[in-house]
Amino acid sequence: MCGVLGIAGTKDVIQDLYDGLTVLQHRGQDAAGIVTYDRQFHIKKSSGMVRDVFSLQSLLRLRGCLGIGHVRYPTAGCNSEVEAQPFFTYAPLGIAMVHNGNLTNADELSHQLLHKHFRHLNTSSDSEVLLNIFAIALEKQKPVQLLPEHVFRAMRFVFRTCKGSYSAVALIGRYGIVAFRDPFGIRPLQIGTRETPKGIEYMVVSENTAMKPLGFRFLRDVKPGEVVYIDQQNILHTKQCAQGRLTPCVFEWVYLAAPDSLLDDVSVYKARVRMGEALAAQVRRAKLKIDSIIPIPDSSRAAAAGLADKLGVRYREGFVKNRYIGRTFIMPGQRIRKRSIQFKLQTIDLEFRNNAVLLVDDSIVRGNTSARIVEMAREAGAKNVYVASASPPITRPCPYGVDIPTFEELVASHNSIEEIREIIGADALFYLTVEDMVRAVQHGSGGVKRLCTGCFNGRYASKEITDDMLRQLGLAREANKEEALPPLAQETILLH
Amino acid sequence: MRILLISSSARGHALADALARSPQKPDIIAISSTANPGIRVLACEQHVRNVMNLDAVCDVAKRVQPDFAFIGPDDPIGAGLTDRLEELGIPSVAPKKSLARIESSKGFTRNLLKKYGIDASPKFAVLPSLEGGGRGRGLKQEIRSYINDELHGEYVVKYDALKGGKGVKLSGEHLASIDEGVAYAMECIEECGRVVLEEKLIGEEFSLLSFVSGTWVVHMPAVQDHKRAYEGDTGPNTGGMGTYSDADHSLPFLTIQDLERAKEINELVAKAVMRECGMPYKGILYGGFIATRDGIRLIEYNARFGDPEALNILPLLESDFVDICQGIIHGELTEDMVRFAHKATVCKYIVPEGYPVNKDQKGEKVVFPTMCHSEPVRPAGGPVEVLHNAKIFFGDITEENGMFQLGGSRTAGIVGIGDSIEEAEKIAQEFCENVTGPVRFRSDIGKLRTLPVQ
């Protein structure tokens, strides 16, 4: 998961890009980058949070009314500065690109790019592959004067060639911004507009949470298989270049997206409340005496509220989150994750002492976070500690860019619910069912007929995903990570 | 297949009819400014909205989620409805605002032809010129001397924006003296910033419409329009009292070279406007030409179907109109997708007696004849039975329980279709004569003796 952002403005867009990326920070804290265009490309990217990557000096340098930005956490690439996005290529026309998602046939494509098209890839990132595939497709159009049709025809090739998930925004020098969403629409991508005295401005962004603060009006979601091109006069051109079948990742609603976002016409917050509400029946059947329901901040608050409401049990805040540290889920590598949990959460002891508490989390991925939290609750004096997960057991890795890479790391891939309960040390454990989760997202929405629930039950958006393929993706990634994480790099991350 | 049709009047009816004939059997969702009885029968939903309220149109579009939209009239196109629908991901058969300047700005079009070396304009000037130049007195002087010295007092003054077909004034007809001409030109500059002054051309006017998608241009049969209200081409200008087209898709007064030249101009302009705006023109390109002694000249461009031109052209279309629309949108328009019957057509407009001077007959009853010979058919097109070689397209008219009431504007276009103009004229004429109510029509349109020849 990453956050992408592109703005076609009527004046310098750097302030909007910087602020926009800050709002998108929840989608990735590993690296950030911006490219703007003003007769030449200006680029700044590095590892770290948005506020650390951009100095005042670099902001002053990033001039131009076209720009794209990216916040990243590592999925396919490794955790290093050179793999921060945007990626850039000189030919044709100069293209910079940011990408959210993960190509599942990146290895095959990078082989083709080198041996058939003689293009060098400087990193192992699939995003660089996507950029280069787009570049060769655009070059074939011989765009002496780039027209929307050139972009659309090039994109048809990209859609045919690239498998996996990709919501991407590209900046083509002198011409404008191209944005597209894969034919399943697995990752979100949305368009907003802002009217200024000098004309209409457009924004393409992962989530509309970034629109309101910047004064943009939410227009709509980019459709799966659709291409959006905003030309040099800020005129919007869109075209359905591949047949789309909307199958967005359900995990966006479970955990990834900001609660105030509206993705594919479904409110993230409302979906989470409904997930919590759907847990109530199960919990009631267990006939437990529960004194209070306590969310594990931040993304499970909505679900906890929904559950407490339905059960008629009081809702209490028992954990204080240190907001100056990144989300643990996003930290690469298991070792760092264990350490950072310790000072990310602290208990309010009086809310636990002699109480039976039901802790609500949005999901249980590896189990180590949950185990540590249950332990903390007991240390704070809780009499009974029950745990509810507002999503079903995660049993499979994600080939589409969410960092749950290997079967081995997933606690639910090789343990039963009872075993997991034991591993995390809870007195009772509840999981939402897949059906309830899907219903919670679809509720009241005519648009989202299918959801990718692959990590829960193996029903991935596209059929070509097999367990073998997942194993390969997973193994390859873990090997990369160990290699690319010298102890020093870990220290740097912890300092943030 | 769902198609959003934004159009009213007889043109909208003719468009709906052509779409409905498609073997793809599309669902037509119509947005019209009045409850047109012809469109109502053909559409599965009809929304009555002010089509210039783009927000209201977009609200319907958002809910309906059509495969594409077809926009009939010039005003919403000029206001950027295509751009707004594109924001919603809905492609349109109609150019974007920037490209639609070909119709909405007379000055843009003249300068475009000049810039791309397309020699089809009369002598013209766009004032005030971009290089600046005088304001106030100086500008007035500039206009006067241009009219006097360059155009020798035979001139046309064009308002440089859409004005509902009423922005163009001719010397000797609307403008009695040079003083009046200068005054109107100054008025135009005050209202829209620019005015176009042109040489007044003498010759026969005709329309050549083309389907355009970028550099793909496929032409329709040429049509001649009669704008004047009364017989013998007299009286005030109207939206169009009638039109005719010939079986060879040319017109009696045109040489082969004339028609080829008009086609060439449309093709060159499609290319030029694409290069100028950096995006392809997608929609209908309607060239208003005049055949003068010195060859074909361009009077103006429209970015849409004409009314009544659409009434002549669309019934002749034998191939799938929906296919053509999709070809336009996807940039894959080829000549073999467009096939017109080799028939002549004559369209005569039934209008209220007072049209266009007053609206005294508004609300009065009008009765259309039931055809009594040959086999009458009830076309998918409407509540009135007509012959298979005649068509009726409803304009400003309302229907309640089979009773028709006049509006203030043109009532219905009656189209006769035959092997020759003569035959088509007879069919249209006979139908029109049997319409009862306080209405009139021009019997001279399409009559052999009044046809101009080469």
# chains A, B, ... in the order shown; residues from 1 in each chain; ligands from 1
$ interface_residues --of "chain B" --to "chain A" --cutoff "12 Å" --atoms "only C-alpha atoms" --output "ChimeraX atom specification"
/B:58-59,62-63,65,67-68,80,82-92,95-99,213-215,274-282,329-332
$ residues_around --residues "stretch 228-230 of chain B" --least-positions-apart "6" --cutoff "12 Å" --atoms "only C-alpha atoms" --output "MDAnalysis selection string"
chainID B and resid 236:243 348:357 410 440:445
$ write_last_selection --atoms "C-alpha atoms" --output "PDB file, in the first residue's frame"
ATOM      1  CA  PRO B 236     -37.643  37.481 -41.467  1.00  0.00           C
ATOM      2  CA  ASN B 237     -35.100  34.755 -40.696  1.00  0.00           C
ATOM      3  CA  THR B 238     -36.276  31.684 -38.810  1.00  0.00           C
ATOM      4  CA  GLY B 239     -34.584  28.608 -37.394  1.00  0.00           C
ATOM      5  CA  GLY B 240     -35.276  27.044 -40.803  1.00  0.00           C
ATOM      6  CA  MET B 241     -38.546  26.524 -42.664  1.00  0.00           C
ATOM      7  CA  GLY B 242     -37.427  23.519 -44.652  1.00  0.00           C
ATOM      8  CA  THR B 243     -34.616  21.692 -46.356  1.00  0.00           C
ATOM      9  CA  LYS B 348     -41.167  21.153 -44.709  1.00  0.00           C
ATOM     10  CA  TYR B 349     -41.776  22.639 -41.337  1.00  0.00           C
ATOM     11  CA  ILE B 350     -45.297  23.060 -40.065  1.00  0.00           C
ATOM     12  CA  VAL B 351     -45.251  26.250 -37.992  1.00  0.00           C
ATOM     13  CA  PRO B 352     -47.914  28.304 -36.189  1.00  0.00           C
ATOM     14  CA  GLU B 353     -49.406  31.005 -38.420  1.00  0.00           C
ATOM     15  CA  GLY B 354     -47.782  33.806 -36.460  1.00  0.00           C
ATOM     16  CA  TYR B 355     -44.282  32.302 -36.432  1.00  0.00           C
ATOM     17  CA  PRO B 356     -41.748  33.887 -36.110  1.00  0.00           C
ATOM     18  CA  VAL B 357     -43.434  37.264 -35.511  1.00  0.00           C
ATOM     19  CA  ARG B 410     -41.765  25.399 -35.087  1.00  0.00           C
ATOM     20  CA  ARG B 440     -48.739  27.260 -42.241  1.00  0.00           C
ATOM     21  CA  PHE B 441     -45.782  25.870 -44.162  1.00  0.00           C
ATOM     22  CA  ARG B 442     -43.768  26.806 -47.231  1.00  0.00           C
ATOM     23  CA  SER B 443     -45.023  24.930 -50.295  1.00  0.00           C
ATOM     24  CA  ASP B 444     -42.209  26.266 -52.463  1.00  0.00           C
ATOM     25  CA  ILE B 445     -39.487  24.320 -50.664  1.00  0.00           C
TER      26      ILE B 445
END
$ closest_atom_pairs --of "stretch 185-262 of chain B" --to "stretch 300-307 of chain B" --cutoff "12 Å" --atoms "only C-alpha atoms" --output "tab-separated table"
residue	atom	partner	partner_atom	distance
B:Val196	CA	B:Glu300	CA	11.6
B:Glu198	CA	B:Glu300	CA	11.3
B:Glu205	CA	B:Glu300	CA	10.9
B:Phe206	CA	B:Glu300	CA	11.0
B:Ser207	CA	B:Gly306	CA	8.9
B:Leu208	CA	B:Tyr301	CA	9.9
B:Leu209	CA	B:Phe305	CA	7.5
B:Ser210	CA	B:Phe305	CA	9.3
B:Phe211	CA	B:Arg304	CA	9.6
B:Val212	CA	B:Ala303	CA	10.2
B:Met220	CA	B:Phe305	CA	10.8
B:Ala222	CA	B:Gly306	CA	11.9
B:Val223	CA	B:Gly306	CA	10.1
B:Gln224	CA	B:Gly306	CA	11.1
B:Asp225	CA	B:Asp307	CA	9.3
B:His226	CA	B:Asp307	CA	11.2
B:Lys227	CA	B:Asp307	CA	10.8
B:Thr238	CA	B:Asp307	CA	11.0
B:Gly239	CA	B:Asp307	CA	7.5
B:Gly240	CA	B:Asp307	CA	7.2
B:Met241	CA	B:Asp307	CA	9.6
B:Gly242	CA	B:Asp307	CA	9.1
B:Thr243	CA	B:Asp307	CA	9.3
B:Ala262	CA	B:Tyr301	CA	12.0
$ closest_residue --among "B:Ser8, B:Glu267, B:Gly407, B:Asp75" --to "B:Leu54" --atoms "only C-alpha atoms"
B:Asp75
$ atom_distance --atom1 "atom CA of A:Glu277" --atom2 "atom CA of A:Glu409"
29.0 Å
$ residues_around --residues "stretch 36-50 of chain B" --least-positions-apart "2" --cutoff "7 Å" --atoms "only C-alpha atoms" --output "list in words"
Ser8, Ser9, Gly12, His13, Ala16, Asp17, Ala20, Asp27, Ile28, Ile29, Ala30, Ile31, Ser32, Ser33, Thr34, Met52, Asn53, Ala380, Gly381, Gly382, Phe393, Phe394, Ile397, Thr398 and Glu399 of chain B
$ closest_residue --among "A:Leu350, A:Leu103, A:Ile133, A:Ala242" --to "A:Glu379" --atoms "only C-alpha atoms"
A:Leu350
$ residues_around --residues "A:Val4" --least-positions-apart "4" --cutoff "9 Å" --atoms "only C-alpha atoms" --output "JSON, numbers by chain"
{"A": [21, 24, 68, 69, 70, 71, 72, 98, 99, 100, 167, 168, 169, 189, 204, 205, 206, 207]}
$ write_last_selection --atoms "C-alpha atoms" --output "compact mmCIF listing (two decimals), in the first residue's frame"
# COMPACT_ATOMS: atom_id res chain seq x y z
CA LEU A 21 1.16 13.91 1.12
CA LEU A 24 -1.84 10.69 2.99
CA ILE A 68 2.99 14.24 -8.53
CA GLY A 69 3.85 12.86 -5.13
CA HIS A 70 4.14 9.57 -3.34
CA VAL A 71 4.29 8.15 0.15
CA ARG A 72 5.44 4.60 0.31
CA VAL A 98 4.06 7.16 -8.88
CA HIS A 99 2.42 3.83 -8.29
CA ASN A 100 0.29 2.24 -5.61
CA SER A 167 -3.33 2.83 -9.31
CA ALA A 168 -0.79 5.16 -10.81
CA VAL A 169 -0.24 8.79 -11.67
CA LEU A 189 -7.89 6.35 -7.03
CA VAL A 204 -5.92 12.68 -8.66
CA VAL A 205 -5.30 10.99 -5.35
CA SER A 206 -5.53 7.66 -3.55
CA GLU A 207 -8.13 8.86 -1.08
$ decode --residues "stretch 181-194 of chain A" --atoms "all heavy atoms" --output "mmCIF file, in the first residue's frame"
data_model
loop_
_atom_site.group_PDB
_atom_site.id
_atom_site.type_symbol
_atom_site.label_atom_id
_atom_site.label_comp_id
_atom_site.auth_asym_id
_atom_site.auth_seq_id
_atom_site.Cartn_x
_atom_site.Cartn_y
_atom_site.Cartn_z
ATOM 1 N N ARG A 181 -6.227 3.258 -13.256
ATOM 2 C CA ARG A 181 -6.517 2.281 -12.210
ATOM 3 C C ARG A 181 -6.677 0.933 -12.904
ATOM 4 O O ARG A 181 -7.340 0.854 -13.942
ATOM 5 C CB ARG A 181 -7.825 2.698 -11.535
ATOM 6 C CG ARG A 181 -8.083 2.067 -10.207
ATOM 7 C CD ARG A 181 -9.312 2.703 -9.576
ATOM 8 N NE ARG A 181 -9.698 1.972 -8.384
ATOM 9 C CZ ARG A 181 -10.887 2.035 -7.817
ATOM 10 N NH1 ARG A 181 -11.807 2.825 -8.317
ATOM 11 N NH2 ARG A 181 -11.172 1.323 -6.749
ATOM 12 N N ASP A 182 -6.091 -0.115 -12.363
ATOM 13 C CA ASP A 182 -6.114 -1.415 -13.037
ATOM 14 C C ASP A 182 -7.539 -1.908 -13.275
ATOM 15 O O ASP A 182 -8.479 -1.423 -12.647
ATOM 16 C CB ASP A 182 -5.309 -2.448 -12.232
ATOM 17 C CG ASP A 182 -5.955 -2.744 -10.895
ATOM 18 O OD1 ASP A 182 -6.999 -3.417 -10.882
ATOM 19 O OD2 ASP A 182 -5.425 -2.296 -9.859
ATOM 20 N N PRO A 183 -7.722 -2.854 -14.194
ATOM 21 C CA PRO A 183 -9.080 -3.264 -14.585
ATOM 22 C C PRO A 183 -9.920 -3.851 -13.448
ATOM 23 O O PRO A 183 -11.124 -4.028 -13.606
ATOM 24 C CB PRO A 183 -8.834 -4.306 -15.674
ATOM 25 C CG PRO A 183 -7.506 -3.943 -16.241
ATOM 26 C CD PRO A 183 -6.697 -3.439 -15.088
ATOM 27 N N PHE A 184 -9.305 -4.159 -12.298
ATOM 28 C CA PHE A 184 -10.101 -4.593 -11.149
ATOM 29 C C PHE A 184 -10.312 -3.453 -10.144
ATOM 30 O O PHE A 184 -11.087 -3.589 -9.216
ATOM 31 C CB PHE A 184 -9.434 -5.767 -10.429
ATOM 32 C CG PHE A 184 -9.460 -7.044 -11.235
ATOM 33 C CD1 PHE A 184 -8.303 -7.555 -11.799
ATOM 34 C CD2 PHE A 184 -10.655 -7.722 -11.438
ATOM 35 C CE1 PHE A 184 -8.339 -8.717 -12.549
ATOM 36 C CE2 PHE A 184 -10.694 -8.890 -12.184
ATOM 37 C CZ PHE A 184 -9.533 -9.385 -12.746
ATOM 38 N N GLY A 185 -9.597 -2.384 -10.351
ATOM 39 C CA GLY A 185 -9.719 -1.269 -9.396
ATOM 40 C C GLY A 185 -9.366 -1.684 -7.994
ATOM 41 O O GLY A 185 -10.043 -1.307 -7.043
ATOM 42 N N ILE A 186 -8.298 -2.472 -7.859
ATOM 43 C CA ILE A 186 -7.978 -3.052 -6.552
ATOM 44 C C ILE A 186 -7.597 -1.969 -5.547
ATOM 45 O O ILE A 186 -8.094 -1.948 -4.425
ATOM 46 C CB ILE A 186 -6.861 -4.109 -6.705
ATOM 47 C CG1 ILE A 186 -7.365 -5.264 -7.566
ATOM 48 C CG2 ILE A 186 -6.406 -4.608 -5.328
ATOM 49 C CD1 ILE A 186 -6.318 -6.224 -8.026
ATOM 50 N N ARG A 187 -6.725 -1.062 -5.960
ATOM 51 C CA ARG A 187 -6.372 0.077 -5.088
ATOM 52 C C ARG A 187 -7.220 1.282 -5.488
ATOM 53 O O ARG A 187 -7.558 1.436 -6.670
ATOM 54 C CB ARG A 187 -4.888 0.414 -5.239
ATOM 55 C CG ARG A 187 -3.955 -0.696 -4.858
ATOM 56 C CD ARG A 187 -3.762 -0.770 -3.343
ATOM 57 N NE ARG A 187 -3.572 -2.165 -2.967
ATOM 58 C CZ ARG A 187 -4.329 -2.806 -2.080
ATOM 59 N NH1 ARG A 187 -5.288 -2.174 -1.465
ATOM 60 N NH2 ARG A 187 -4.109 -4.066 -1.805
ATOM 61 N N PRO A 188 -7.523 2.131 -4.538
ATOM 62 C CA PRO A 188 -8.386 3.274 -4.860
ATOM 63 C C PRO A 188 -7.662 4.354 -5.659
ATOM 64 O O PRO A 188 -6.431 4.415 -5.651
ATOM 65 C CB PRO A 188 -8.771 3.811 -3.476
ATOM 66 C CG PRO A 188 -7.657 3.384 -2.578
ATOM 67 C CD PRO A 188 -7.140 2.086 -3.129
ATOM 68 N N LEU A 189 -8.426 5.170 -6.349
ATOM 69 C CA LEU A 189 -7.890 6.345 -7.033
ATOM 70 C C LEU A 189 -9.074 7.262 -7.325
ATOM 71 O O LEU A 189 -10.100 6.802 -7.824
ATOM 72 C CB LEU A 189 -7.183 5.955 -8.332
ATOM 73 C CG LEU A 189 -6.287 7.044 -8.960
ATOM 74 C CD1 LEU A 189 -5.126 7.386 -8.032
ATOM 75 C CD2 LEU A 189 -5.737 6.599 -10.306
ATOM 76 N N GLN A 190 -8.936 8.538 -6.986
ATOM 77 C CA GLN A 190 -10.087 9.431 -7.066
ATOM 78 C C GLN A 190 -9.716 10.776 -7.670
ATOM 79 O O GLN A 190 -8.554 11.167 -7.642
ATOM 80 C CB GLN A 190 -10.658 9.634 -5.657
ATOM 81 C CG GLN A 190 -10.868 8.291 -4.954
ATOM 82 C CD GLN A 190 -11.636 8.414 -3.664
ATOM 83 O OE1 GLN A 190 -11.237 9.129 -2.764
ATOM 84 N NE2 GLN A 190 -12.746 7.704 -3.573
ATOM 85 N N ILE A 191 -10.723 11.434 -8.222
ATOM 86 C CA ILE A 191 -10.485 12.723 -8.868
ATOM 87 C C ILE A 191 -11.218 13.826 -8.114
ATOM 88 O O ILE A 191 -12.359 13.650 -7.692
ATOM 89 C CB ILE A 191 -11.041 12.753 -10.318
ATOM 90 C CG1 ILE A 191 -10.720 11.461 -11.053
ATOM 91 C CG2 ILE A 191 -10.490 13.934 -11.083
ATOM 92 C CD1 ILE A 191 -11.377 11.384 -12.423
ATOM 93 N N GLY A 192 -10.541 14.952 -7.979
ATOM 94 C CA GLY A 192 -11.175 16.121 -7.381
ATOM 95 C C GLY A 192 -10.879 17.352 -8.224
ATOM 96 O O GLY A 192 -9.937 17.358 -9.007
ATOM 97 N N THR A 193 -11.700 18.384 -8.067
ATOM 98 C CA THR A 193 -11.457 19.623 -8.807
ATOM 99 C C THR A 193 -11.495 20.816 -7.877
ATOM 100 O O THR A 193 -12.108 20.772 -6.807
ATOM 101 C CB THR A 193 -12.516 19.888 -9.894
ATOM 102 O OG1 THR A 193 -13.767 20.140 -9.236
ATOM 103 C CG2 THR A 193 -12.673 18.743 -10.844
ATOM 104 N N ARG A 194 -10.842 21.865 -8.310
ATOM 105 C CA ARG A 194 -10.858 23.116 -7.550
ATOM 106 C C ARG A 194 -10.956 24.232 -8.566
ATOM 107 O O ARG A 194 -10.219 24.239 -9.551
ATOM 108 C CB ARG A 194 -9.578 23.224 -6.744
ATOM 109 C CG ARG A 194 -9.485 24.473 -5.886
ATOM 110 C CD ARG A 194 -8.350 24.388 -4.903
ATOM 111 N NE ARG A 194 -7.054 24.416 -5.565
ATOM 112 C CZ ARG A 194 -5.889 24.310 -4.927
ATOM 113 N NH1 ARG A 194 -5.852 24.122 -3.629
ATOM 114 N NH2 ARG A 194 -4.764 24.357 -5.603
#
